[in-house]
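J.: Compact mmCIF, C-alpha atoms and all ligand atoms, saved as entry05.txt, coming up:
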```txt
# COMPACT_ATOMS: atom_id res chain seq x y z
CA MET A 1 -18.92 -1.37 -4.01
CA PHE A 2 -16.33 -2.93 -1.76
CA ILE A 3 -13.77 -5.50 -2.85
CA PRO A 4 -12.14 -7.53 -0.09
CA ARG A 5 -8.53 -8.54 -0.60
CA GLN A 6 -8.02 -12.27 -0.91
CA THR A 7 -4.60 -12.39 0.68
CA LYS A 8 -5.26 -10.04 3.57
CA ASP A 9 -4.38 -12.28 6.51
CA PHE A 10 -1.79 -14.36 4.66
CA ILE A 11 1.89 -14.57 5.55
CA ASN A 12 3.37 -12.20 2.97
CA ILE A 13 6.82 -12.92 1.52
CA ASP A 14 6.31 -11.01 -1.72
CA PRO A 15 9.45 -8.90 -2.26
CA LEU A 16 7.37 -6.15 -3.82
CA GLN A 17 5.21 -5.90 -0.73
CA THR A 18 7.05 -6.62 2.52
CA GLY A 19 8.54 -3.13 2.81
CA GLY A 20 5.34 -1.35 1.84
CA ILE A 21 3.01 -2.66 4.51
CA LEU A 22 1.33 0.28 6.23
CA THR A 23 1.85 1.26 9.84
CA GLU A 24 -1.24 1.86 11.97
CA ASP A 25 -0.61 5.61 11.73
CA ALA A 26 -0.50 5.38 7.94
CA LYS A 27 -3.83 3.53 7.90
CA ARG A 28 -5.46 6.32 9.92
CA MET A 29 -3.89 8.91 7.64
CA LEU A 30 -5.25 7.07 4.61
CA LEU A 31 -8.83 7.55 5.75
CA GLU A 32 -8.36 11.10 6.98
CA TRP A 33 -6.71 12.41 3.78
CA GLY A 34 -8.33 10.19 1.18
CA ASP A 35 -10.42 12.96 -0.35
CA GLY A 36 -8.94 14.20 -3.59
CA TYR A 37 -6.66 17.24 -3.35
CA SER A 38 -7.22 17.48 0.40
CA VAL A 39 -3.48 18.01 0.96
CA CYS A 40 -3.80 21.14 -1.16
CA ASP A 41 -6.15 23.00 1.22
CA PHE A 42 -3.45 25.55 2.02
CA CYS A 43 -1.05 25.15 -0.91
CA GLU A 44 0.57 28.32 -2.20
CA GLY A 45 1.93 26.79 -5.36
CA SER A 46 4.51 24.16 -4.50
CA LEU A 47 3.86 20.84 -2.83
CA HIS A 48 7.16 20.69 -0.92
CA ASP A 49 6.48 24.12 0.63
CA ILE A 50 3.06 23.32 2.11
CA LYS A 51 3.08 24.13 5.83
CA ASN A 52 -0.33 22.71 6.70
CA PRO A 53 -0.20 19.69 6.66
CA PRO A 54 3.52 19.99 7.52
CA ILE A 55 4.94 18.74 4.20
CA LYS A 56 7.67 21.37 4.13
CA ASP A 57 8.98 20.23 7.48
CA PHE A 58 8.78 16.59 6.40
CA VAL A 59 10.77 17.22 3.22
CA GLN A 60 13.47 18.91 5.32
CA GLN A 61 13.59 15.91 7.63
CA LEU A 62 13.83 13.62 4.61
CA ALA A 63 16.82 15.57 3.32
CA GLU A 64 18.51 15.01 6.67
CA PHE A 65 17.56 11.34 6.70
CA LEU A 66 18.99 10.81 3.20
CA ASP A 67 21.94 13.14 3.77
CA CYS A 68 20.97 15.07 0.62
CA ASP A 69 21.13 18.79 -0.14
CA ILE A 70 17.73 18.84 -1.80
CA VAL A 71 14.76 16.48 -1.76
CA ARG A 72 11.57 16.29 -3.75
CA ILE A 73 8.58 13.99 -3.47
CA THR A 74 7.85 11.98 -6.60
CA THR A 75 5.27 9.40 -7.57
CA GLY A 76 7.83 6.59 -7.42
CA ALA A 77 11.40 5.53 -8.04
CA ARG A 78 10.88 5.35 -11.80
CA GLU A 79 9.52 8.88 -12.00
CA GLY A 80 12.56 10.07 -10.05
CA LYS A 81 14.86 8.38 -12.54
CA PHE A 82 12.94 9.84 -15.44
CA VAL A 83 13.09 13.36 -14.00
CA VAL A 84 16.88 13.12 -13.70
CA MET A 85 17.45 11.45 -17.07
CA HIS A 86 15.13 13.75 -18.93
CA SER A 87 16.79 16.85 -17.52
CA LEU A 88 20.34 15.64 -18.25
CA ALA A 89 19.50 14.22 -21.70
CA LYS A 90 21.18 15.52 -24.82
CA LYS A 91 20.98 14.44 -28.41
CA ASP A 92 22.79 11.12 -29.03
CA ALA A 93 23.96 10.94 -25.42
CA TRP A 94 24.40 7.78 -23.34
CA ILE A 95 23.82 6.53 -19.85
CA ILE A 96 25.64 3.65 -18.20
CA VAL A 97 23.62 1.14 -16.17
CA ASP A 98 24.45 -2.12 -14.42
CA SER A 99 22.88 -5.09 -16.15
CA ASN A 100 20.84 -5.96 -13.05
CA ALA A 101 18.92 -2.71 -13.54
CA HIS A 102 15.14 -2.63 -13.20
CA TYR A 103 13.13 -2.45 -16.43
CA SER A 104 11.94 1.02 -15.47
CA THR A 105 15.52 2.30 -15.71
CA PHE A 106 15.63 1.26 -19.36
CA ILE A 107 12.20 2.69 -20.05
CA ALA A 108 12.99 6.00 -18.37
CA ALA A 109 16.07 6.22 -20.61
CA GLU A 110 14.05 5.33 -23.68
CA ARG A 111 11.45 7.98 -22.89
CA SER A 112 14.28 10.48 -22.43
CA GLY A 113 15.82 9.61 -25.80
CA LEU A 114 19.01 8.30 -24.21
CA ASN A 115 21.14 5.37 -25.36
CA VAL A 116 21.97 2.76 -22.76
CA ALA A 117 25.27 0.94 -22.27
CA GLU A 118 25.29 -1.96 -19.82
CA VAL A 119 27.89 -3.04 -17.31
CA PRO A 120 27.62 -6.84 -17.41
CA ASN A 121 27.17 -8.98 -14.31
CA SER A 122 29.24 -12.04 -13.50
CA GLY A 123 26.49 -14.45 -14.60
CA TYR A 124 25.18 -17.54 -12.83
CA PRO A 125 25.02 -18.10 -9.89
CA GLU A 126 26.03 -14.82 -8.22
CA PHE A 127 25.22 -12.25 -10.95
CA LYS A 128 27.58 -9.82 -9.26
CA ILE A 129 28.37 -6.36 -10.56
CA TYR A 130 32.10 -5.73 -10.54
CA GLU A 131 32.67 -2.08 -9.79
CA GLU A 132 35.80 -1.70 -11.95
CA LYS A 133 33.80 -2.69 -15.02
CA PHE A 134 32.13 0.71 -14.93
CA ALA A 135 35.45 2.22 -16.03
CA ASP A 136 35.72 -0.10 -19.05
CA VAL A 137 32.17 0.58 -20.16
CA ILE A 138 32.52 4.34 -19.74
CA GLU A 139 35.76 4.27 -21.79
CA GLU A 140 34.09 2.30 -24.56
CA THR A 141 30.90 4.36 -24.56
CA LYS A 142 32.72 7.70 -24.65
CA LYS A 143 33.91 6.78 -28.12
CA LYS A 144 30.29 6.70 -29.28
CA GLY A 145 28.99 9.84 -27.59
CA GLU A 146 28.66 11.84 -24.40
CA VAL A 147 27.95 9.91 -21.20
CA VAL A 148 25.57 12.02 -19.10
CA LEU A 149 24.74 9.70 -16.21
CA ALA A 150 25.48 6.34 -14.58
CA VAL A 151 22.77 4.45 -12.72
CA LEU A 152 23.61 1.89 -10.08
CA THR A 153 20.85 -0.40 -8.86
CA TYR A 154 21.34 -0.61 -5.12
CA PRO A 155 20.30 -3.36 -4.61
CA ASP A 156 18.75 -4.86 -7.72
CA GLY A 157 15.29 -6.37 -7.58
CA ASN A 158 16.18 -9.72 -9.06
CA TYR A 159 18.95 -11.03 -6.81
CA GLY A 160 19.17 -8.48 -4.00
CA ASN A 161 22.84 -7.83 -4.74
CA LEU A 162 24.47 -4.79 -3.17
CA PRO A 163 27.48 -3.65 -5.17
CA ASN A 164 30.00 -1.31 -3.59
CA ALA A 165 28.31 2.02 -4.33
CA GLU A 166 31.16 4.16 -3.04
CA LYS A 167 33.58 2.47 -5.41
CA VAL A 168 31.28 2.80 -8.44
CA ILE A 169 30.70 6.49 -7.66
CA LYS A 170 34.42 7.14 -7.31
CA ILE A 171 35.14 5.51 -10.65
CA CYS A 172 32.34 7.38 -12.46
CA HIS A 173 33.43 10.69 -10.96
CA GLU A 174 36.93 10.16 -12.32
CA TYR A 175 35.25 10.42 -15.74
CA GLU A 176 33.05 13.30 -14.54
CA VAL A 177 29.94 11.18 -14.92
CA PRO A 178 27.29 11.88 -12.24
CA VAL A 179 25.75 8.88 -10.52
CA LEU A 180 22.17 8.08 -9.62
CA LEU A 181 21.67 5.39 -7.00
CA ASN A 182 18.45 3.49 -7.48
CA CYS A 183 17.50 2.77 -3.88
CA ALA A 184 13.96 1.47 -4.46
CA TYR A 185 14.87 -1.58 -2.37
CA SER A 186 17.06 0.21 0.16
CA ILE A 187 15.75 3.64 1.20
CA GLY A 188 13.41 2.86 4.10
CA ARG A 189 15.05 -0.51 4.79
CA MET A 190 18.69 0.38 5.28
CA GLU A 191 20.44 3.63 6.06
CA ILE A 192 21.34 5.51 2.87
CA LYS A 193 23.52 8.59 3.23
CA ALA A 194 23.84 10.16 -0.21
CA ASN A 195 26.46 12.81 0.51
CA GLU A 196 28.54 10.41 2.52
CA LEU A 197 28.56 8.08 -0.50
CA ASP A 198 29.07 11.12 -2.76
CA ALA A 199 26.02 10.09 -4.84
CA ASP A 200 24.72 12.88 -7.06
CA PHE A 201 21.17 11.53 -7.04
CA VAL A 202 19.21 8.98 -5.04
CA VAL A 203 15.71 7.70 -5.70
CA GLY A 204 13.51 5.71 -3.35
CA SER A 205 10.09 4.14 -3.50
CA GLY A 206 7.52 4.81 -0.77
CA HIS A 207 5.32 1.85 -1.65
CA LYS A 208 8.30 -0.50 -2.06
CA SER A 209 10.32 0.25 1.05
CA MET A 210 8.87 3.06 3.16
CA ALA A 211 5.65 1.58 4.57
CA SER A 212 3.45 3.71 2.34
CA ALA A 213 0.49 3.46 0.06
CA GLY A 214 1.58 4.25 -3.45
CA PRO A 215 2.38 5.64 -5.74
CA VAL A 216 4.92 7.81 -3.99
CA GLY A 217 8.68 8.16 -3.97
CA VAL A 218 11.59 10.36 -3.04
CA LEU A 219 14.29 12.03 -5.10
CA GLY A 220 17.39 13.48 -3.48
CA MET A 221 20.17 15.39 -5.19
CA LYS A 222 23.22 17.53 -4.74
CA GLU A 223 22.68 21.26 -4.75
CA GLU A 224 24.65 21.75 -7.97
CA PHE A 225 22.10 19.77 -9.98
CA ALA A 226 19.05 21.63 -8.71
CA LYS A 227 19.39 24.43 -11.25
CA ILE A 228 19.11 21.91 -14.10
CA VAL A 229 16.77 19.26 -12.70
CA LEU A 230 14.50 21.61 -10.78
CA ARG A 231 14.50 24.51 -13.24
CA LYS A 232 11.28 26.51 -13.20
CA SER A 233 8.72 27.36 -15.81
CA GLU A 234 9.01 30.68 -17.63
CA ARG A 235 5.31 31.15 -17.48
CA PHE A 236 4.50 29.77 -14.02
CA LYS A 237 7.39 31.02 -11.91
CA ASN A 238 7.03 28.64 -8.96
CA LYS A 239 6.43 25.46 -10.99
CA GLU A 240 9.26 23.02 -11.54
CA ILE A 241 9.05 21.80 -15.12
CA GLU A 242 10.36 18.25 -14.75
CA LEU A 243 7.89 17.66 -11.92
CA LEU A 244 5.09 18.96 -14.17
CA GLY A 245 4.48 21.53 -11.45
CA CYS A 246 3.42 19.05 -8.82
CA THR A 247 3.88 15.32 -8.16
CA ALA A 248 2.27 13.14 -5.47
CA ARG A 249 -0.48 15.59 -4.53
CA GLY A 250 -2.54 13.30 -2.37
CA VAL A 251 -2.94 10.67 0.28
CA PRO A 252 0.09 8.52 -0.68
CA LEU A 253 2.31 11.35 0.52
CA MET A 254 0.36 11.52 3.79
CA THR A 255 1.00 7.82 4.43
CA LEU A 256 4.69 8.34 3.67
CA MET A 257 4.74 11.09 6.30
CA ALA A 258 2.79 8.97 8.79
CA SER A 259 5.22 6.06 8.55
CA PHE A 260 8.37 8.17 8.53
CA PRO A 261 9.06 8.04 12.31
CA HIS A 262 8.72 4.25 12.13
CA VAL A 263 10.93 4.06 9.04
CA LYS A 264 13.64 6.15 10.72
CA GLU A 265 13.70 3.64 13.56
CA ARG A 266 13.48 0.49 11.49
CA VAL A 267 16.53 1.25 9.34
CA LYS A 268 18.58 0.98 12.55
CA ARG A 269 17.58 -2.66 12.82
CA TRP A 270 18.75 -3.55 9.30
CA ASN A 271 21.52 -5.84 10.58
CA GLU A 272 18.92 -8.01 12.28
CA GLU A 273 17.01 -8.25 9.00
CA VAL A 274 20.14 -9.35 7.13
CA GLU A 275 20.89 -11.94 9.80
CA LYS A 276 17.35 -13.29 9.56
CA ALA A 277 17.57 -13.45 5.76
CA ARG A 278 20.82 -15.42 6.01
CA TRP A 279 19.27 -17.80 8.51
CA PHE A 280 16.35 -18.34 6.12
CA ALA A 281 18.70 -18.91 3.17
CA ASP A 282 20.67 -21.49 5.15
CA LYS A 283 17.48 -23.40 5.95
CA MET A 284 16.40 -23.27 2.31
CA GLU A 285 19.77 -24.58 1.16
CA GLU A 286 19.54 -27.42 3.68
CA MET A 287 16.38 -28.45 1.84
CA GLY A 288 18.19 -28.44 -1.49
CA PHE A 289 17.24 -25.02 -2.84
CA LYS A 290 20.06 -22.89 -4.15
CA LEU A 291 20.44 -19.23 -3.27
CA LEU A 292 21.33 -17.14 -6.31
CA GLY A 293 23.03 -13.77 -5.99
CA GLU A 294 25.69 -12.75 -3.50
CA LYS A 295 26.78 -15.20 -0.85
CA PRO A 296 26.72 -14.47 2.00
CA HIS A 297 23.67 -12.44 1.15
CA ASN A 298 23.31 -8.82 2.23
CA HIS A 299 19.61 -8.17 1.64
CA ASP A 300 16.20 -9.62 2.49
CA LEU A 301 15.32 -10.07 -1.20
CA MET A 302 16.44 -13.56 -2.13
CA HIS A 303 16.17 -15.54 -5.33
CA PHE A 304 16.22 -19.32 -4.99
CA GLU A 305 16.72 -21.86 -7.69
CA SER A 306 14.27 -24.70 -7.05
CA LEU A 307 14.80 -27.45 -9.61
CA GLN A 308 12.94 -30.04 -7.48
CA PHE A 309 9.77 -27.97 -7.80
CA TYR A 310 10.38 -27.66 -11.51
CA GLU A 311 10.70 -31.43 -11.90
CA ILE A 312 7.49 -31.93 -9.92
CA SER A 313 5.66 -29.40 -12.10
CA LYS A 314 6.29 -31.59 -15.15
CA LYS A 315 4.49 -34.50 -13.49
CA VAL A 316 1.44 -32.98 -11.83
CA LYS A 317 -1.90 -31.87 -13.23
CA ALA A 318 -1.64 -28.27 -12.04
CA ARG A 319 1.72 -28.01 -13.84
CA GLY A 320 3.63 -24.89 -12.88
CA TYR A 321 0.78 -23.68 -10.71
CA PHE A 322 1.02 -26.47 -8.15
CA LEU A 323 3.45 -24.56 -5.94
CA TYR A 324 1.34 -21.42 -5.89
CA LYS A 325 -1.75 -23.48 -5.06
CA GLU A 326 -0.06 -25.39 -2.26
CA LEU A 327 1.17 -22.15 -0.71
CA LYS A 328 -2.23 -20.51 -1.09
CA LYS A 329 -3.82 -23.41 0.81
CA ARG A 330 -1.39 -22.66 3.63
CA LYS A 331 -2.15 -18.92 3.49
CA ILE A 332 1.27 -17.95 2.22
CA HIS A 333 1.39 -15.18 -0.37
CA GLY A 334 4.21 -13.92 -2.50
CA ILE A 335 5.46 -16.50 -4.97
CA LYS A 336 4.28 -15.71 -8.46
CA PRO A 337 1.67 -18.12 -9.88
CA GLY A 338 3.27 -20.43 -12.42
CA ARG A 339 6.81 -20.19 -11.11
CA THR A 340 8.72 -23.30 -10.07
CA LYS A 341 12.23 -23.21 -11.55
CA SER A 342 13.26 -20.35 -9.35
CA PHE A 343 11.45 -17.82 -7.23
CA LYS A 344 12.03 -14.68 -5.22
CA VAL A 345 11.07 -14.11 -1.61
CA SER A 346 11.58 -11.40 0.95
CA THR A 347 11.89 -11.99 4.68
CA TYR A 348 11.72 -8.28 5.51
CA MET A 349 9.82 -7.61 8.75
CA VAL A 350 8.36 -11.12 8.66
CA PRO A 351 8.69 -12.58 12.19
CA LYS A 352 10.82 -15.68 12.54
CA ASP A 353 7.92 -17.87 13.66
CA LYS A 354 6.07 -16.98 10.44
CA LEU A 355 9.17 -17.81 8.43
CA GLU A 356 9.30 -21.20 10.19
CA ILE A 357 5.78 -21.81 8.86
CA VAL A 358 6.98 -20.94 5.35
CA LEU A 359 9.99 -23.26 5.65
CA ASN A 360 7.79 -26.07 6.94
CA ALA A 361 5.42 -25.51 4.03
CA PHE A 362 8.22 -25.95 1.50
CA GLU A 363 9.34 -29.09 3.29
CA GLU A 364 5.80 -30.51 3.36
CA ILE A 365 5.27 -29.78 -0.33
CA LEU A 366 8.53 -31.49 -1.26
CA GLU A 367 7.53 -34.50 0.85
CA LYS A 368 4.01 -34.62 -0.57
CA TYR A 369 5.19 -34.81 -4.19
CA LYS A 370 8.35 -36.83 -3.62
CA HIS A 371 6.72 -39.87 -5.19
CA THR A 372 6.15 -38.09 -8.53
CA LEU A 373 9.91 -37.83 -8.96
CA GLU A 374 10.41 -41.56 -8.48
CA SER A 375 8.38 -42.73 -11.42
C1 LIG A 401 10.43 -1.72 -7.56
C2 LIG A 401 11.60 -1.14 -8.24
C3 LIG A 401 11.49 0.02 -9.00
C4 LIG A 401 10.17 0.69 -9.25
O1 LIG A 401 9.75 1.43 -8.17
P1 LIG A 401 8.51 2.41 -8.33
O2 LIG A 401 8.56 3.25 -7.11
O3 LIG A 401 7.28 1.55 -8.37
O4 LIG A 401 8.70 3.16 -9.59
C5 LIG A 401 12.62 0.55 -9.57
N1 LIG A 401 13.81 -0.03 -9.40
C6 LIG A 401 13.98 -1.14 -8.67
C7 LIG A 401 15.34 -1.73 -8.50
C8 LIG A 401 12.88 -1.74 -8.08
O5 LIG A 401 13.04 -2.87 -7.40
```
I'd like the structure from this file rewritten - as structure tokens, please.

T.:
Amino acid sequence: MFIPRQTKDFINIDPLQTGGILTEDAKRMLLEWGDGYSVCDFCEGSLHDIKNPPIKDFVQQLAEFLDCDIVRITTGAREGKFVVMHSLAKKDAWIIVDSNAHYSTFIAAERSGLNVAEVPNSGYPEFKIYEEKFADVIEETKKKGEVVLAVLTYPDGNYGNLPNAEKVIKICHEYEVPVLLNCAYSIGRMEIKANELDADFVVGSGHKSMASAGPVGVLGMKEEFAKIVLRKSERFKNKEIELLGCTARGVPLMTLMASFPHVKERVKRWNEEVEKARWFADKMEEMGFKLLGEKPHNHDLMHFESLQFYEISKKVKARGYFLYKELKKRKIHGIKPGRTKSFKVSTYMVPKDKLEIVLNAFEEILEKYKHTLES
């Protein structure tokens, strides 16, 4: 059986997907290493120590790239968060998270038996996280139990807001609370230097932001946490318990390795991506859409409020699906079917001429349905 992908030659502005598109090298790697357990041909017991293929060397390069003492491969950002939370968890303990956190942060905490206290955002329209608020929430939460970790979403996946990580980390460290930076939307797009930021943990997502097939991710940490998080089995001396002995033991890791040279180069061009995103946002606002989240924006993930589309959806037969259908006709993929009130897009690595096509499409759709708003 073979199943072709419907959206293969579409312009892709899906925030989940723009950073995960494979390089040509990764595509070749995918075929070469697709057979199950083929990366384990010469494994002596731990994935990150495999010399052939050169995984050991890659993991060392990753540690340099992330400015981390120790790095492990995971099956995704969420698994990285879970590994850290589960190993730091204690009975009745708490973690602090920003309220723009991804659902998987809450679920990882739940699975670890941890209580969650939220640092609120500023609400509509910017939904900003104010760094100082971490202090208030830690103070309050300490009265209820031990705070074992703070998680900062950097940036969040709903608005693409980038809080000041250094400031949050400094505040949390004043209370001796270690900090995990959730960099699912940043590692592989922008330069992240964990030790420079003084972050205790960072997690990244290969399929979200590192041009990889998934599921695969990275987890970086400070040396001092290795003895807890990477503690080894009593029975199987070289197996790390929290990693269940071995994580992404297959072709997703090989695509991560294949794209790494490209990823190292592309993070240097992050400023250009931010500029392009801002240009796109300006054009959208000229058409009457409203950018939510931080302004000026600092990330390619953008959330627009689109009340005109919402009004149109009340008048047309396809209802909320009209926008999706119109975009599909124009071979544009990425806006969730059924959404009209607001939607998220990513301009990451999408050439400007393709973005012009997207902007023109929005303009055409508004024009086409203008009459429905007049009746
Ligand atoms: C996508 C995303 C995740 C999940 O990443 P996985 O690698 O699929 O687990 C976690 N956090 C944020 C902020 C995300 O955007």

J.: Collect all residues with atoms no farther than 8 Å from ligand LIG 401 (chain A), counting all atoms listed in the file, and output them as a PyMOL selection string.

T.: chain A and resi 16+75-80+101-105+153-158+182-185+204-208+214-217

J.: For Val202 (chain A), list every protein, DNA or RNA residue within 9 Å, evaluated using only C-alpha atoms, and leave out those in the same chain fewer than 4 positions away; present the list as a list of chain:residue names.

T.: A:Leu66, A:Cys68, A:Gly80, A:Lys81, A:Val179, A:Leu180, A:Leu181, A:Asn182, A:Cys183, A:Ile187, A:Ile192, A:Ala194, A:Val218, A:Leu219, A:Gly220, A:Met221

J.: Skip Leu301 (chain A) itself and residues of its chain fewer than 3 positions away, then list as an mmCIF file with C-alpha atoms, in the frame of the given file all residues within 8 Å of it, counting only C-alpha atoms.

T.:
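What ended up in result.cif:
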```
data_model
loop_
_atom_site.group_PDB
_atom_site.id
_atom_site.type_symbol
_atom_site.label_atom_id
_atom_site.label_comp_id
_atom_site.auth_asym_id
_atom_site.auth_seq_id
_atom_site.Cartn_x
_atom_site.Cartn_y
_atom_site.Cartn_z
ATOM 1 C CA PRO A 15 9.450 -8.900 -2.260
ATOM 2 C CA GLY A 157 15.290 -6.370 -7.580
ATOM 3 C CA ASN A 158 16.180 -9.720 -9.060
ATOM 4 C CA TYR A 159 18.950 -11.030 -6.810
ATOM 5 C CA GLY A 160 19.170 -8.480 -4.000
ATOM 6 C CA LYS A 344 12.030 -14.680 -5.220
ATOM 7 C CA VAL A 345 11.070 -14.110 -1.610
ATOM 8 C CA SER A 346 11.580 -11.400 0.950
ATOM 9 C CA THR A 347 11.890 -11.990 4.680
ATOM 10 C CA TYR A 348 11.720 -8.280 5.510
#
```

J.: Point out the residue among A:Lys268, A:Thr247, A:Arg231, A:Lys341 with the least atom-to-atom distance to Phe289 (chain A), counting all atoms listed in the file.

T.: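 Checking each candidate against Phe289 (chain A), we get A:Lys341 as the closest.
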
J.: Kindly give the distance, in Å, that separates CA of Lys290 (chain A) and CA of Lys325 (chain A), rounded to a single decimal.

T.: 21.8 Å

J.: Calculated over all atoms listed in the file, which of the candidates A:His303, A:Lys227, A:Lys354, A:Pro178 has the smallest distance to Glu285 (chain A)?

T.: A:His303

J.: As an exercise, work out the distance from CA of Asp300 (chain A) to CA of Arg278 (chain A) in Å and give it to one decimal place.

T.: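 For CA of Asp300 (chain A) relative to CA of Arg278 (chain A), the distance reads 8.2 Å.
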
J.: Kindly provide, as a ChimeraX atom specification, the polymer residues lying within 10 Å of (4.8, 19.5, -1.1), counting only C-alpha atoms and using the coordinates exactly as they appear in the file.

T.: /A:39-40,43-59,72-74,246-250,253

J.: Calculate how many Å separate CA of Val83 (chain A) from CA of Val229 (chain A), rounding to one decimal.

T.: 7.1 Å

J.: Which is closer to Glu240 (chain A) than all the others in A:Leu31, A:Leu22, A:Glu294, A:Ser87, using all atoms listed in the file?

T.: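 For Glu240 (chain A), the nearest of the candidates is A:Ser87.
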
J.: Tell me which protein, DNA and RNA residues are within 12 Å of Glu356 (chain A), counting only C-alpha atoms, leaving out same-chain ones fewer than 3 positions away, and put them as a list in words.

T.: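 What passes the distance filter is Ile11, Lys276, Trp279, Phe280, Ala281, Lys283, Met284, Ile332, Thr347, Val350, Pro351, Lys352, Asp353, Leu359, Asn360, Ala361, Phe362 and Glu363 of chain A.
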
J.: Between A:Met257, A:Leu291, A:Phe106, A:Ile3, single out the one closest to Phe127 (chain A), counting all atoms listed in the file.

T.: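 Under the stated criterion, the closest residue is A:Leu291.
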
J.: Would you kindly identify which residues have an atom no farther than 12 Å from (13.3, -36.3, -11.5), using all atoms listed in the file and the file's own coordinates, and write them out as a PDB file with C-alpha atoms, in the coordinates of the input?

T.:
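Writing the result to part.pdb gives the following:
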```
ATOM      1  CA  LEU A 307      14.800 -27.450  -9.610  1.00  0.00           C
ATOM      2  CA  GLN A 308      12.940 -30.040  -7.480  1.00  0.00           C
ATOM      3  CA  PHE A 309       9.770 -27.970  -7.800  1.00  0.00           C
ATOM      4  CA  TYR A 310      10.380 -27.660 -11.510  1.00  0.00           C
ATOM      5  CA  GLU A 311      10.700 -31.430 -11.900  1.00  0.00           C
ATOM      6  CA  ILE A 312       7.490 -31.930  -9.920  1.00  0.00           C
ATOM      7  CA  SER A 313       5.660 -29.400 -12.100  1.00  0.00           C
ATOM      8  CA  LYS A 314       6.290 -31.590 -15.150  1.00  0.00           C
ATOM      9  CA  LYS A 315       4.490 -34.500 -13.490  1.00  0.00           C
ATOM     10  CA  TYR A 369       5.190 -34.810  -4.190  1.00  0.00           C
ATOM     11  CA  LYS A 370       8.350 -36.830  -3.620  1.00  0.00           C
ATOM     12  CA  HIS A 371       6.720 -39.870  -5.190  1.00  0.00           C
ATOM     13  CA  THR A 372       6.150 -38.090  -8.530  1.00  0.00           C
ATOM     14  CA  LEU A 373       9.910 -37.830  -8.960  1.00  0.00           C
ATOM     15  CA  GLU A 374      10.410 -41.560  -8.480  1.00  0.00           C
ATOM     16  CA  SER A 375       8.380 -42.730 -11.420  1.00  0.00           C
TER      17      SER A 375
END
```

J.: For a quick check of understanding, using only C-alpha atoms, which of A:Arg266, A:Arg330, A:Lys128, A:Lys232 has the smallest distance to Asn12 (chain A)?

T.: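 Among the listed residues, A:Arg330 lies closest to Asn12 (chain A).
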
J.: For each of A:Glu191, A:Thr18, A:Glu275, A:Glu242, take the minimum atom-to-atom distance to Glu64 (chain A), counting only C-alpha atoms, then give the residue where this is smallest.

T.: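 The closest residue to Glu64 (chain A) is A:Glu191.
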